[in-house]
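Peer 1: What follows is a single structure, and I will ask about it in a moment.
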Amino acid sequence: MTQTTTLQYEAPWPVYALDWCKSAAPGQQMRPRSAFRLGIASLTSDYRNRIAIVGLQDERVLVEDDDYGDYPDFVTLVEAQHGYPATRLQWQPATANSFAWSQKAASAELLATTGDALRVWEYASDGPAAGSAYVGRQSSGGGHRLTLKTALSGQSKVQNNNTGAPLTSFSWNEKSPSLVVTSSIDTTCTVWNIDTSTAITQLIAHDREVYDVAWLPGSTDIFVSVGADGSLRAFDLRSLEHSTILYETPAPKNVPPPTASPSSSARPPTSPLLRIAFNPADSNYMSTFHMDGTDIQILDMRSPGQPVMELRAHRAQVNALGWSSTDSQLLGTVGDDCQLLVWDLSAHTSQNPAASPRNASTGLSSPRPDAKKRVVADPVMAYTGASEIVNMAWSPQIAGMSMNTGHTTGPGEWIAVAMGRSIKALKV
């Protein structure tokens with residue numbers, strides 16, 4: 001009897017956005033199954049996109065059992081209409097369970113998506129009785145409800161129309177889960193209070209489209225963003241009159257001379273940065289990558305301007321990345337080479353918590369003169385999928401469980417990857 005290391009799900013549509021739930025369902029901490037829930041969203045070029053929550057068919061899929069091979073590992077628990085595709089989907093941070101929300105049932109959980117607006121969804125499940133061990137597809141009416149709570153699209157600072165411009169991504173604040181910051185193609189970032197459904201501030205963040213945004217772990221004031229202008233910038237809500245440029249992509253070589261139009265010559269072309277993510281185990285470190293790039297840049301807030309590391313093993317463009325939520329310093333990356341690569345950066349990062357930016361009195365940039373770029377080319381784990389991998393999501397650490405069949409599973413983390421309509425969950 002071996003423990004399962006891969007789980008799979010076939011969606012009825014191509015999947016792009018996905019996230020793994022950050023905590024067990026309220027009141028179901030004793031139901032280990034509820035740690036295995038994913039939020040997923042479709043990517044179709046029309047106004048008929050969907051989001052869904054999928055969960056384990058049965059705990060017994062976690063142990064290899066020949067009698068059980070014919071059933072899907074995950075089943076759809078509930079789905080909802082989304083209109084335009086979701087550019088990002090996130091499950092509420094684990095801290096949201098203890099936050100004093102003004103209008104959320106204690107048994108409900110929140111999810112959020114971005115697209116043409118920031119949408120906050122409320123998910124509630126009555127949960128099956130603890131003794132049930134059903135087999136077969138769960139009926140969609142089994143007490144699972146996914147309802148749109150609020151849709152926020154602000155008046156744009158830089159566009160005259162009444163609806164906000166499309167949103168590319170967002171970051172949910174873990175310390176204060178009512179705070180969400182969104183990024184938009186209209187060059188702005190907006191900080192929202194999703195509990196009161198109000199915009200706290202909107203700022204012009206970049207010269208061109210903003211593609212991703214991330215709160216500094218442990219902070220409710222500092223966030224970073226990346227965009228089409230090729231820069232990584234840090235903002236502090238306590239002093240918004242200026243931002244700090246932490247990194248700019250090198251100007252491409254052999255650039256044609258600028259045309260007569262001033263907008264195109266105002267700034268030379270650079271390679272856009274698509275994603276940004278902090279290392280939760282050491283928030284000095286961030287990871288990013290360039291549009292069409294095969295390498296991942298690791299940046300250190302204490303020595304802005306140059307990557308301290310570059311990860312080189314992908315053979316086609318990188319599409320997404322994500323850090324483990326534990327102290328392991330593992331980073332996952334996926335790309336058009338059909339690969340998920342997991343990198344262990346613990347040997348390469350200097351463990352000095354005293355130098356963390358949130359403890360430093362000097363603000364965001366205290367350069368470290370000794371930093372030299374290190375090239376890392378040896379991931380610790382590689383998985384090759386059947387097609388290009390467009391996105392990935394880590395699970396939190398999931399405890400081992402004992403089942404009423406006498407089987408047990410070991411603790412660990414999982415990574416979910418999306419390839420076309422297929423989702424694979426792999427035990428790390």
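Convention: chains lettered A, B, ... in structure tokens order; per-chain residue numbering from 1; ligands numbered from 1 as shown.
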For range 36-53 of chain A, work out the shell of residues within 6 Å, counting only C-alpha atoms and skipping chain neighbours fewer than 5 positions away, then give it as a short mmCIF file (atom, residue, chain, number, x, y, z; two decimals) with N, CA, C and O atoms, in the first residue's frame.

Peer 2:
data_model
loop_
_atom_site.label_atom_id
_atom_site.label_comp_id
_atom_site.auth_asym_id
_atom_site.auth_seq_id
_atom_site.Cartn_x
_atom_site.Cartn_y
_atom_site.Cartn_z
N TRP A 13 -13.19 22.92 -19.11
CA TRP A 13 -12.71 24.04 -19.92
C TRP A 13 -11.23 24.25 -19.63
O TRP A 13 -10.70 23.74 -18.65
N PRO A 14 -10.53 25.00 -20.52
CA PRO A 14 -9.11 25.28 -20.25
C PRO A 14 -8.96 26.11 -18.97
O PRO A 14 -9.70 27.06 -18.76
N VAL A 15 -8.01 25.72 -18.14
CA VAL A 15 -7.82 26.38 -16.84
C VAL A 15 -6.64 27.35 -16.93
O VAL A 15 -5.61 27.03 -17.52
N TYR A 16 -6.81 28.55 -16.36
CA TYR A 16 -5.66 29.43 -16.20
C TYR A 16 -5.40 29.73 -14.72
O TYR A 16 -4.45 29.24 -14.14
N ALA A 17 -6.26 30.53 -14.11
CA ALA A 17 -6.02 30.91 -12.71
C ALA A 17 -6.32 29.74 -11.79
O ALA A 17 -7.29 29.00 -12.00
N LEU A 18 -5.49 29.54 -10.76
CA LEU A 18 -5.80 28.53 -9.76
C LEU A 18 -5.11 28.87 -8.46
O LEU A 18 -4.10 29.55 -8.43
N ASP A 19 -5.69 28.38 -7.35
CA ASP A 19 -5.07 28.56 -6.03
C ASP A 19 -5.50 27.41 -5.14
O ASP A 19 -6.57 26.85 -5.31
N TRP A 20 -4.63 27.08 -4.19
CA TRP A 20 -4.90 26.01 -3.22
C TRP A 20 -5.41 26.68 -1.95
O TRP A 20 -4.89 27.72 -1.54
N CYS A 21 -6.43 26.10 -1.30
CA CYS A 21 -6.97 26.72 -0.09
C CYS A 21 -5.87 26.79 0.98
O CYS A 21 -5.02 25.92 1.08
N LEU A 77 -17.07 20.84 -6.68
CA LEU A 77 -17.99 21.04 -5.56
C LEU A 77 -19.04 22.10 -5.90
O LEU A 77 -20.20 21.96 -5.54
N VAL A 78 -18.60 23.15 -6.61
CA VAL A 78 -19.54 24.22 -6.95
C VAL A 78 -18.87 25.08 -8.03
O VAL A 78 -17.65 25.14 -8.10
N GLU A 79 -19.66 25.71 -8.88
CA GLU A 79 -19.07 26.63 -9.85
C GLU A 79 -19.98 27.84 -10.05
O GLU A 79 -21.14 27.84 -9.63
N ALA A 80 -19.42 28.88 -10.66
CA ALA A 80 -20.16 30.12 -10.85
C ALA A 80 -19.72 30.78 -12.14
O ALA A 80 -18.63 30.53 -12.64
N GLN A 81 -20.60 31.63 -12.66
CA GLN A 81 -20.33 32.39 -13.88
C GLN A 81 -19.36 33.51 -13.57
O GLN A 81 -19.46 34.15 -12.53
N HIS A 82 -18.40 33.77 -14.49
CA HIS A 82 -17.42 34.84 -14.23
C HIS A 82 -17.36 35.89 -15.33
O HIS A 82 -16.75 36.94 -15.14
N GLY A 83 -17.96 35.66 -16.50
CA GLY A 83 -17.86 36.65 -17.58
C GLY A 83 -16.49 36.58 -18.23
O GLY A 83 -16.10 35.56 -18.79
N TYR A 84 -15.74 37.68 -18.16
CA TYR A 84 -14.38 37.68 -18.71
C TYR A 84 -13.50 36.73 -17.90
O TYR A 84 -13.80 36.43 -16.75
N PRO A 85 -12.40 36.26 -18.50
CA PRO A 85 -11.53 35.32 -17.75
C PRO A 85 -10.95 35.98 -16.50
O PRO A 85 -10.73 37.19 -16.46
#

Peer 1: Identify, on the basis of only C-alpha atoms, every residue whose closest approach to Ser346 in chain A does not exceed 10 Å; exclude the query and any residue fewer than 6 positions from it along the same chain; express the result as a list in words.

Peer 2: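 Contacts, in chain order: Ala281, Asp282, Asp327, Ser328, Gln329 and Leu330 of chain A.
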
Peer 1: Only N, CA and C atoms, please: the residues just picked out, written as a compact mmCIF listing (two decimals), in the first residue's frame.

Peer 2:
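Below is the file that was written, part.txt:
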# COMPACT_ATOMS: atom_id res chain seq x y z
N ALA A 281 9.79 32.91 3.70
CA ALA A 281 10.73 32.54 4.76
C ALA A 281 11.78 33.63 4.98
N ASP A 282 12.00 34.49 4.00
CA ASP A 282 12.96 35.59 4.13
C ASP A 282 12.54 36.66 3.13
N ASP A 327 9.22 27.24 5.89
CA ASP A 327 10.56 27.83 5.98
C ASP A 327 11.56 27.15 5.06
N SER A 328 11.08 26.34 4.13
CA SER A 328 12.00 25.51 3.34
C SER A 328 12.74 26.30 2.25
N GLN A 329 12.31 27.52 1.92
CA GLN A 329 12.91 28.31 0.84
C GLN A 329 12.85 27.61 -0.50
N LEU A 330 11.78 26.85 -0.74
CA LEU A 330 11.59 26.20 -2.04
C LEU A 330 10.79 27.15 -2.95

Peer 1: Please identify which residues in range 286-358 of chain A DSSP calls strand (DSSP E) from the backbone, and express them as an NGL selection string.

Peer 2: :A and (286-290 or 295-300 or 309-312 or 318-323 or 330-335 or 339-344)

Peer 1: Have a look at CA of Glu413 in chain A and CA of Ser395 in chain A and let me know their distance in Å, one decimal.

Peer 2: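 For CA of Glu413 in chain A relative to CA of Ser395 in chain A, the distance reads 5.7 Å.
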
Peer 1: So which residues touch Thr187 in chain A within 6 Å, counting only C-alpha atoms, skipping near sequence neighbours fewer than 6 positions away, as a list in words?

Peer 2: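 Here the qualifying residues turn out to be Ile204, Ala205, His206, Arg208, Glu209 and Val210 of chain A.
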
Peer 1: Identify, on the basis of only C-alpha atoms, every residue whose closest approach to Gln297 in chain A does not exceed 12 Å; exclude the query and any residue fewer than 5 positions from it along the same chain; express the result as a PyMOL selection string.

Peer 2: chain A and resi 232+247-249+273-278+285-290+305-312+318+321+331+333+373-376

Peer 1: Under the rule that only C-alpha atoms are counted, which of A:Val380, A:Met291, A:Val180, A:Val390 is the nearest residue to Asp229 in chain A?

Peer 2: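 Among A:Val380, A:Met291, A:Val180, A:Val390, it is A:Met291 that comes nearest to Asp229 in chain A.
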
Peer 1: Tell me which of A:Leu110, A:Ile194, A:Met392, A:Leu203 sits closest to Ala25 in chain A, counting only C-alpha atoms.

Peer 2: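 Nearest to Ala25 in chain A: A:Leu110.
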
Peer 1: Find the spatial neighbours of Ala11 in chain A, counting only C-alpha atoms, within a cut-off of 8 Å - ignore same-chain residues fewer than 6 positions away - and output them as a count of residues only.

Peer 2: 3

Peer 1: Can you tell me, as an MDAnalysis selection string, what residues are no more than 6 Å from Phe74 in chain A when counting only C-alpha atoms, ignoring any on the same chain fewer than 3 positions away?

Peer 2: chainID A and resid 9 55:57

Peer 1: Would you save the residues of that selection, restricted to all heavy atoms, as an mmCIF file, in the first residue's frame?

Peer 2:
data_model
loop_
_atom_site.group_PDB
_atom_site.id
_atom_site.type_symbol
_atom_site.label_atom_id
_atom_site.label_comp_id
_atom_site.auth_asym_id
_atom_site.auth_seq_id
_atom_site.Cartn_x
_atom_site.Cartn_y
_atom_site.Cartn_z
ATOM 1 N N TYR A 9 -7.188 16.077 -12.101
ATOM 2 C CA TYR A 9 -8.548 16.549 -12.342
ATOM 3 C C TYR A 9 -8.614 17.042 -13.778
ATOM 4 O O TYR A 9 -7.696 17.710 -14.253
ATOM 5 C CB TYR A 9 -8.873 17.699 -11.384
ATOM 6 C CG TYR A 9 -10.193 18.394 -11.652
ATOM 7 C CD1 TYR A 9 -11.400 17.793 -11.304
ATOM 8 C CD2 TYR A 9 -10.245 19.657 -12.253
ATOM 9 C CE1 TYR A 9 -12.613 18.428 -11.543
ATOM 10 C CE2 TYR A 9 -11.450 20.299 -12.493
ATOM 11 C CZ TYR A 9 -12.630 19.667 -12.136
ATOM 12 O OH TYR A 9 -13.830 20.294 -12.373
ATOM 13 N N GLY A 55 -12.716 19.618 -5.027
ATOM 14 C CA GLY A 55 -12.225 19.007 -3.789
ATOM 15 C C GLY A 55 -12.019 17.519 -3.986
ATOM 16 O O GLY A 55 -12.414 16.945 -5.007
ATOM 17 N N LEU A 56 -11.395 16.899 -2.991
ATOM 18 C CA LEU A 56 -11.108 15.468 -3.078
ATOM 19 C C LEU A 56 -12.397 14.679 -3.145
ATOM 20 O O LEU A 56 -13.343 14.921 -2.409
ATOM 21 C CB LEU A 56 -10.338 14.994 -1.837
ATOM 22 C CG LEU A 56 -8.823 15.093 -1.823
ATOM 23 C CD1 LEU A 56 -8.289 14.231 -0.709
ATOM 24 C CD2 LEU A 56 -8.223 14.701 -3.146
ATOM 25 N N GLN A 57 -12.410 13.713 -4.043
ATOM 26 C CA GLN A 57 -13.534 12.782 -4.134
ATOM 27 C C GLN A 57 -13.688 12.005 -2.822
ATOM 28 O O GLN A 57 -14.776 11.839 -2.296
ATOM 29 C CB GLN A 57 -13.184 11.833 -5.293
ATOM 30 C CG GLN A 57 -13.889 10.535 -5.314
ATOM 31 C CD GLN A 57 -15.101 10.647 -6.194
ATOM 32 O OE1 GLN A 57 -15.996 11.406 -5.891
ATOM 33 N NE2 GLN A 57 -15.123 9.927 -7.268
#

Peer 1: Apply DSSP to the backbone of this structure and, from range 178-411 of chain A, keep only the residues in alpha helix (DSSP H); write these as an MDAnalysis selection string.

Peer 2: chainID A and resid 262:265

Peer 1: Taking only C-alpha atoms into account, which of A:Pro12, A:Gly400, A:Gly27, A:Pro280 comes nearest Ala214 in chain A?

Peer 2: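 Going through A:Pro12, A:Gly400, A:Gly27, A:Pro280 one by one, the smallest distance to Ala214 in chain A is for A:Pro280.
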